[in-house]
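Reproduced below: model24.csv, with CSV, C-alpha atoms.
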chain,number,residue,atom,x,y,z
A,25,ASP,CA,19.9,5.3,13.1
A,26,ALA,CA,16.2,4.5,13.4
A,27,GLY,CA,14.3,4.0,10.2
A,28,VAL,CA,10.9,5.1,9.4
A,29,THR,CA,8.4,4.2,12.1
A,30,GLN,CA,4.7,3.8,11.8
A,31,SER,CA,1.9,3.3,14.3
A,32,PRO,CA,-0.2,1.3,14.9
A,33,THR,CA,1.1,-1.8,13.2
A,34,HIS,CA,-2.4,-3.3,12.9
A,35,LEU,CA,-5.9,-1.9,13.1
A,36,ILE,CA,-9.4,-3.2,12.8
A,37,LYS,CA,-12.2,-0.8,12.1
A,38,THR,CA,-15.8,-1.0,11.0
A,39,ARG,CA,-17.4,0.7,8.0
A,40,GLY,CA,-18.2,4.4,8.6
A,41,GLN,CA,-15.5,4.8,11.2
A,42,HIS,CA,-12.5,7.0,10.8
A,43,VAL,CA,-8.8,6.2,11.4
A,44,THR,CA,-5.6,8.1,12.0
A,45,LEU,CA,-2.3,6.6,11.0
A,46,ARG,CA,1.0,8.0,12.2
A,47,CYS,CA,4.5,8.1,10.7
A,48,SER,CA,7.9,9.4,11.8
A,49,PRO,CA,10.5,9.8,9.1
A,50,ILE,CA,14.2,9.1,9.3
A,51,SER,CA,16.0,11.7,11.2
A,52,GLY,CA,17.0,14.6,8.9
A,53,HIS,CA,14.4,13.7,6.3
A,54,LYS,CA,11.9,16.4,5.5
A,55,SER,CA,9.6,14.7,3.1
A,56,VAL,CA,6.9,12.1,3.9
A,57,SER,CA,4.8,10.2,1.4
A,58,TRP,CA,1.9,7.9,2.0
A,59,TYR,CA,1.0,4.9,-0.1
A,60,GLN,CA,-1.8,2.4,-0.1
A,61,GLN,CA,-1.0,-1.2,-1.0
A,62,VAL,CA,-3.9,-3.6,-1.6
A,63,LEU,CA,-3.2,-7.3,-1.6
A,64,GLY,CA,-1.6,-8.4,-4.8
A,65,GLN,CA,-0.9,-4.9,-6.1
A,66,GLY,CA,2.0,-2.5,-5.9
A,67,PRO,CA,1.8,0.6,-3.6
A,68,GLN,CA,-0.4,3.4,-4.9
A,69,PHE,CA,0.6,7.0,-4.1
A,70,ILE,CA,-1.8,9.0,-1.8
A,71,PHE,CA,0.0,12.1,-0.6
A,72,GLN,CA,3.4,13.7,-0.3
A,73,TYR,CA,4.3,16.4,2.2
A,74,TYR,CA,7.4,18.5,2.4
A,75,GLU,CA,8.2,21.1,4.9
A,76,LYS,CA,4.6,20.8,6.2
A,77,GLU,CA,3.1,21.6,2.8
A,78,GLU,CA,1.2,19.2,0.6
A,79,ARG,CA,3.3,18.8,-2.6
A,80,GLY,CA,1.3,16.1,-4.3
A,81,ARG,CA,-1.9,14.1,-4.2
A,82,GLY,CA,-2.8,10.9,-5.8
A,83,ASN,CA,-6.2,9.8,-7.1
A,84,PHE,CA,-7.9,9.2,-3.8
A,85,PRO,CA,-11.2,10.6,-2.6
A,86,ASP,CA,-11.5,13.5,-0.2
A,87,ARG,CA,-12.1,11.1,2.7
A,88,PHE,CA,-8.3,10.8,2.7
A,89,SER,CA,-6.4,13.7,4.3
A,90,ALA,CA,-3.0,14.1,5.8
A,91,ARG,CA,-0.8,16.7,7.5
A,92,GLN,CA,2.8,17.1,8.5
A,93,PHE,CA,4.0,18.5,11.7
A,94,PRO,CA,6.9,20.8,12.5
A,95,ASN,CA,9.0,17.8,13.5
A,96,TYR,CA,8.3,16.3,10.1
A,97,SER,CA,6.2,13.5,11.4
A,98,SER,CA,2.9,12.9,9.6
A,99,GLU,CA,-0.6,11.7,10.0
A,100,LEU,CA,-2.9,10.1,7.5
A,101,ASN,CA,-6.6,10.4,8.2
A,102,VAL,CA,-9.3,8.4,6.5
A,103,ASN,CA,-13.0,9.2,7.2
A,104,ALA,CA,-16.1,7.2,6.5
A,105,LEU,CA,-14.2,3.9,6.1
A,106,LEU,CA,-15.2,1.5,3.3
A,107,LEU,CA,-14.5,-2.2,3.0
A,108,GLY,CA,-12.2,-1.3,0.1
A,109,ASP,CA,-10.0,0.8,2.3
A,110,SER,CA,-8.6,-2.4,3.8
A,111,ALA,CA,-4.9,-2.4,2.9
A,112,LEU,CA,-1.4,-1.9,4.0
A,113,TYR,CA,-0.7,1.8,4.4
A,114,LEU,CA,3.0,2.6,3.9
A,115,CYS,CA,4.8,5.8,4.8
A,116,ALA,CA,8.0,6.7,3.0
A,117,SER,CA,10.5,9.3,3.9
A,118,SER,CA,13.1,11.1,1.8
A,119,HIS,CA,15.5,13.9,2.4
A,120,ARG,CA,14.2,16.3,-0.2
A,121,VAL,CA,11.4,16.4,-2.7
A,122,GLU,CA,12.9,18.3,-5.6
A,123,ASP,CA,15.5,15.8,-6.4
A,124,VAL,CA,13.8,13.3,-8.6
A,125,GLY,CA,16.4,10.7,-8.1
A,126,GLU,CA,15.9,10.8,-4.3
A,127,THR,CA,15.4,7.4,-2.8
A,128,GLN,CA,12.4,6.8,-0.6
A,129,TYR,CA,12.7,4.6,2.4
A,130,PHE,CA,9.6,2.8,3.6
A,131,GLY,CA,8.3,2.1,7.1
A,132,PRO,CA,6.9,-1.3,8.1
A,133,GLY,CA,3.3,-0.1,7.4
A,134,THR,CA,0.0,-0.2,9.1
A,135,ARG,CA,-2.3,-3.0,8.2
A,136,LEU,CA,-5.9,-1.8,8.2
A,137,LEU,CA,-8.8,-4.1,8.1
A,138,VAL,CA,-12.3,-2.7,7.7
A,139,LEU,CA,-15.2,-5.0,8.6
B,7,ARG,CA,-2.9,2.2,-19.5
B,8,LYS,CA,-1.0,1.7,-16.3
B,9,GLU,CA,2.1,3.9,-15.6
B,10,VAL,CA,4.2,0.8,-14.9
B,11,GLU,CA,3.6,-2.8,-16.0
B,12,GLN,CA,5.3,-5.9,-14.9
B,13,ASP,CA,4.8,-9.6,-15.5
B,14,PRO,CA,3.3,-10.8,-12.2
B,15,GLY,CA,4.9,-14.3,-12.4
B,16,PRO,CA,5.4,-16.3,-10.4
B,17,PHE,CA,8.8,-17.2,-11.7
B,18,ASN,CA,9.8,-20.6,-10.2
B,19,VAL,CA,13.5,-21.2,-10.6
B,20,PRO,CA,16.0,-23.6,-9.1
B,21,GLU,CA,18.9,-22.4,-7.0
B,22,GLY,CA,21.8,-21.2,-9.1
B,23,ALA,CA,19.6,-20.2,-12.0
B,24,THR,CA,19.7,-16.9,-13.8
B,25,VAL,CA,16.4,-15.0,-14.0
B,26,ALA,CA,15.4,-11.8,-15.7
B,27,PHE,CA,12.5,-9.5,-15.0
B,28,ASN,CA,11.2,-6.8,-17.3
B,29,CYS,CA,9.1,-3.8,-16.7
B,30,THR,CA,7.6,-1.2,-19.1
B,31,TYR,CA,6.6,2.4,-18.3
B,32,SER,CA,4.3,4.7,-20.2
B,33,ASN,CA,5.7,8.2,-19.6
B,34,SER,CA,8.6,8.8,-21.9
B,35,ALA,CA,9.7,11.8,-19.8
B,36,SER,CA,10.2,9.7,-16.6
B,37,GLN,CA,13.3,10.8,-14.7
B,38,SER,CA,14.4,8.1,-12.4
B,39,PHE,CA,14.0,4.4,-11.9
B,40,PHE,CA,14.4,1.8,-9.2
B,41,TRP,CA,13.9,-1.8,-8.3
B,42,TYR,CA,12.5,-2.5,-4.8
B,43,ARG,CA,12.2,-5.9,-3.2
B,44,GLN,CA,9.3,-6.8,-1.0
B,45,ASP,CA,9.1,-9.8,1.2
B,46,CYS,CA,5.8,-11.3,2.2
B,47,ARG,CA,3.9,-8.9,4.6
B,48,LYS,CA,6.9,-6.6,4.8
B,49,GLU,CA,7.6,-3.1,3.5
B,50,PRO,CA,9.4,-2.5,0.1
B,51,LYS,CA,13.1,-2.1,0.4
B,52,LEU,CA,15.4,-0.5,-2.1
B,53,LEU,CA,17.3,-3.1,-4.1
B,54,MET,CA,19.0,-0.7,-6.6
B,55,SER,CA,18.6,2.4,-8.6
B,56,VAL,CA,18.6,2.0,-12.4
B,57,TYR,CA,20.9,4.3,-14.4
B,58,SER,CA,21.0,4.9,-18.1
B,59,SER,CA,24.4,3.3,-18.4
B,60,GLY,CA,23.2,0.2,-16.6
B,61,ASN,CA,24.5,-0.8,-13.2
B,62,GLU,CA,25.6,-3.9,-11.3
B,63,ASP,CA,25.6,-4.8,-7.7
B,64,GLY,CA,27.0,-8.2,-7.0
B,65,ARG,CA,24.7,-10.8,-8.6
B,66,PHE,CA,22.1,-8.1,-9.6
B,67,THR,CA,22.3,-6.1,-12.9
B,68,ALA,CA,19.8,-3.4,-13.8
B,69,GLN,CA,19.4,-2.0,-17.3
B,70,LEU,CA,17.3,0.9,-18.6
B,71,ASN,CA,16.2,1.3,-22.2
B,72,ARG,CA,14.8,4.8,-22.6
B,73,ALA,CA,14.0,4.3,-26.3
B,74,SER,CA,11.8,1.3,-25.7
B,75,GLN,CA,10.7,2.5,-22.2
B,76,TYR,CA,11.6,-0.7,-20.4
B,77,ILE,CA,13.7,-1.6,-17.3
B,78,SER,CA,15.2,-4.9,-16.6
B,79,LEU,CA,16.6,-6.7,-13.6
B,80,LEU,CA,18.9,-9.7,-14.0
B,81,ILE,CA,19.6,-12.0,-11.0
B,82,ARG,CA,22.5,-14.4,-11.4
B,83,ASP,CA,23.2,-17.5,-9.3
B,84,SER,CA,19.8,-17.3,-7.5
B,85,LYS,CA,19.7,-18.0,-3.8
B,86,LEU,CA,16.8,-19.2,-1.7
B,87,SER,CA,16.9,-15.9,0.0
B,88,ASP,CA,16.2,-14.1,-3.3
B,89,SER,CA,12.6,-15.4,-3.1
B,90,ALA,CA,10.4,-12.2,-2.9
B,91,THR,CA,8.3,-9.9,-5.0
B,92,TYR,CA,10.3,-7.4,-7.1
B,93,LEU,CA,8.7,-4.1,-7.7
B,94,CYS,CA,9.6,-1.9,-10.6
B,95,VAL,CA,9.4,1.8,-9.6
B,96,VAL,CA,9.3,4.9,-11.9
B,97,ASN,CA,9.5,8.6,-10.9
B,98,PRO,CA,8.1,10.8,-13.6
B,99,GLY,CA,9.7,13.8,-12.0
B,100,TYR,CA,7.1,16.5,-12.6
B,101,ASN,CA,7.6,18.7,-9.6
B,102,PHE,CA,7.8,16.3,-6.7
B,103,ASN,CA,9.2,13.0,-5.8
B,104,LYS,CA,6.3,10.6,-6.6
B,105,PHE,CA,6.8,7.0,-7.2
B,106,TYR,CA,4.7,4.8,-9.5
B,107,PHE,CA,5.0,1.1,-8.7
B,108,GLY,CA,4.4,-1.8,-10.8
B,109,SER,CA,2.3,-4.7,-9.4
B,110,GLY,CA,5.4,-6.7,-8.7
B,111,THR,CA,6.9,-9.9,-10.0
B,112,LYS,CA,7.0,-12.8,-7.6
B,113,LEU,CA,10.1,-14.9,-7.6
B,114,ASN,CA,10.3,-18.4,-6.0
B,115,VAL,CA,13.8,-19.9,-5.8
B,116,LYS,CA,13.6,-23.7,-5.1
B,117,PRO,CA,16.3,-25.9,-3.6

Represent the structure from my file as structure tokens, please.
Amino acid sequence: DAGVTQSPTHLIKTRGQHVTLRCSPISGHKSVSWYQQVLGQGPQFIFQYYEKEERGRGNFPDRFSARQFPNYSSELNVNALLLGDSALYLCASSHRVEDVGETQYFGPGTRLLVL
Amino acid sequence: RKEVEQDPGPFNVPEGATVAFNCTYSNSASQSFFWYRQDCRKEPKLLMSVYSSGNEDGRFTAQLNRASQYISLLIRDSKLSDSATYLCVVNPGYNFNKFYFGSGTKLNVKP
């Protein structure tokens, strides 16, 4: 079975631009979470979606938004990019969201560089 | 205070050594715990879940101490291929499946 897929793998943008990152979860998984990982740090939670509804939001500004589609794939949008948005953006999928012991499986990430 | 804290290392050990990592978490009501492994410039991959009774998977042993709010990972007979960053992960389990990650502990296994 295919794992979590993300596109693009790498992206270079300039300050002020916007970016859209895409994620397809593992087949059968209905929950998608987005994380930001800055170099030298652990991933930080941005959003979680389940059955197309936002179920959780981390401490990120309103410039960050996301959505989930009927096929459970997801997009993360970031507007008005800042240099500090440069990071690895990870998507994780899990089967359900209510089961707290549910493992999350990560995609390879999108590496975003903002110049 | 951070939700999850880890010693960043690096831990430099020879092949065959036993190495232990600890991690502390701040929310005493946290529900589930994991260790993930992350290779350089790759995504985190699940190493093992951590259960209250402790659990073992080959050379890896994970322990949870709820009273002291810490989690440990023991690696026996280290291999060169164990070199990676080990991330401690806690799920507070409010009403959705959100992971809090530590900053990771870097392990270098030398020949």

Can you list every residue of chain B that has an atom at most 12 Å from chain A, with its nearest atom pair and the distance in Å to one decimal, using all atoms listed in the file, ordered by chain then number, as CSV?
residue,atom,partner,partner_atom,distance
B:Lys8,CA,A:Gln68,CA,11.5
B:Glu9,CA,A:Gln68,CA,11.0
B:Val10,CA,A:Gly66,CA,9.8
B:Glu11,CA,A:Gly66,CA,10.2
B:Gln12,CA,A:Gly66,CA,10.2
B:Asp13,CA,A:Gln65,CA,12.0
B:Pro14,CA,A:Gly64,CA,9.2
B:Gly15,CA,A:Gly64,CA,11.6
B:Pro16,CA,A:Gly64,CA,11.9
B:Ser36,CA,A:Val124,CA,9.5
B:Gln37,CA,A:Val124,CA,6.6
B:Ser38,CA,A:Gly125,CA,5.4
B:Phe39,CA,A:Gly125,CA,7.7
B:Phe40,CA,A:Thr127,CA,8.6
B:Trp41,CA,A:Thr127,CA,10.8
B:Tyr42,CA,A:Tyr129,CA,10.1
B:Arg43,CA,A:Gly66,CA,11.1
B:Gln44,CA,A:Gly66,CA,9.8
B:Asp45,CA,A:Pro132,CA,11.2
B:Cys46,CA,A:Leu63,CA,10.6
B:Arg47,CA,A:Leu112,CA,8.8
B:Lys48,CA,A:Pro132,CA,6.2
B:Glu49,CA,A:Pro132,CA,5.0
B:Pro50,CA,A:Phe130,CA,6.4
B:Lys51,CA,A:Phe130,CA,6.8
B:Leu52,CA,A:Tyr129,CA,7.3
B:Leu53,CA,A:Thr127,CA,10.7
B:Met54,CA,A:Thr127,CA,9.6
B:Ser55,CA,A:Thr127,CA,8.3
B:Val56,CA,A:Gly125,CA,10.0
B:Tyr57,CA,A:Gly125,CA,10.0
B:Thr91,CA,A:Gly66,CA,9.8
B:Tyr92,CA,A:Gly66,CA,9.7
B:Leu93,CA,A:Gly66,CA,7.1
B:Cys94,CA,A:Gly66,CA,9.0
B:Val95,CA,A:Gly66,CA,9.3
B:Val96,CA,A:Gly125,CA,9.9
B:Asn97,CA,A:Val124,CA,6.8
B:Pro98,CA,A:Val124,CA,8.0
B:Gly99,CA,A:Val124,CA,5.3
B:Tyr100,CA,A:Val124,CA,8.4
B:Asn101,CA,A:Glu122,CA,6.7
B:Phe102,CA,A:Val121,CA,5.4
B:Asn103,CA,A:Val121,CA,5.1
B:Lys104,CA,A:Phe69,CA,7.2
B:Phe105,CA,A:Phe69,CA,6.9
B:Tyr106,CA,A:Gln68,CA,7.0
B:Phe107,CA,A:Gly66,CA,5.5
B:Gly108,CA,A:Gly66,CA,5.5
B:Ser109,CA,A:Gly66,CA,4.1
B:Gly110,CA,A:Gly66,CA,6.1
B:Thr111,CA,A:Gly66,CA,9.8
B:Lys112,CA,A:Gly64,CA,10.1

Open item on the list: Between atom CA of A:Glu78 and atom CA of A:Ser98, what distance in Å does the model show, to one decimal?
Closed with: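 Atom CA of A:Ser98 lies at a distance of 11.1 Å from atom CA of A:Glu78.
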
TODO: Skip A:Val28 itself and residues of its chain fewer than 5 positions away, then list as a VMD selection string all residues within 6 Å of it, counting all atoms listed in the file.
DONE: chain A and resid 48 to 50 131

Open item on the list: Please list as a list in words every residue within 12 Å of stretch 102-106 of chain A, counting all atoms listed in the file and excluding residues in the same chain fewer than 6 positions away.
Closed with: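 What passes the distance filter is Ile36, Lys37, Thr38, Arg39, Gly40, Gln41, His42, Val43, Thr44, Leu45, Arg46, Gln60, Ile70, Phe84, Pro85, Asp86, Arg87, Phe88, Ser89, Ala90, Arg91, Tyr113, Leu136, Leu137, Val138 and Leu139 of chain A.
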
- [ ] Write out as a ChimeraX atom specification each polymer residue whose atoms come within 10 Å of A:Ser51, counting all atoms listed in the file; drop sequence neighbours fewer than 3 positions from it.
- [x] /A:25-28,48,54,95-97,117-119

Task: Between atom CA of B:Val19 and atom CA of B:Arg65 - distance in Å to one decimal - done: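 Pair atom CA of B:Arg65 / atom CA of B:Val19 returns 15.4 Å.
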
Open item on the list: What does the structure give for the distance between atom CA of B:Ser32 and atom CA of B:Asn61, in Å to one decimal?
Closed with: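 These two atoms are separated by 22.1 Å.
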
Task: Sphere at (19.4, -22.1, -8.6), radius 10 Å, counting all atoms listed in the file: residues as a list in words - done: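 Here the neighbourhood of the point contains Asn18, Val19, Pro20, Glu21, Gly22, Ala23, Thr24, Val25, Arg82, Asp83, Ser84, Lys85, Leu86, Val115, Lys116 and Pro117 of chain B.
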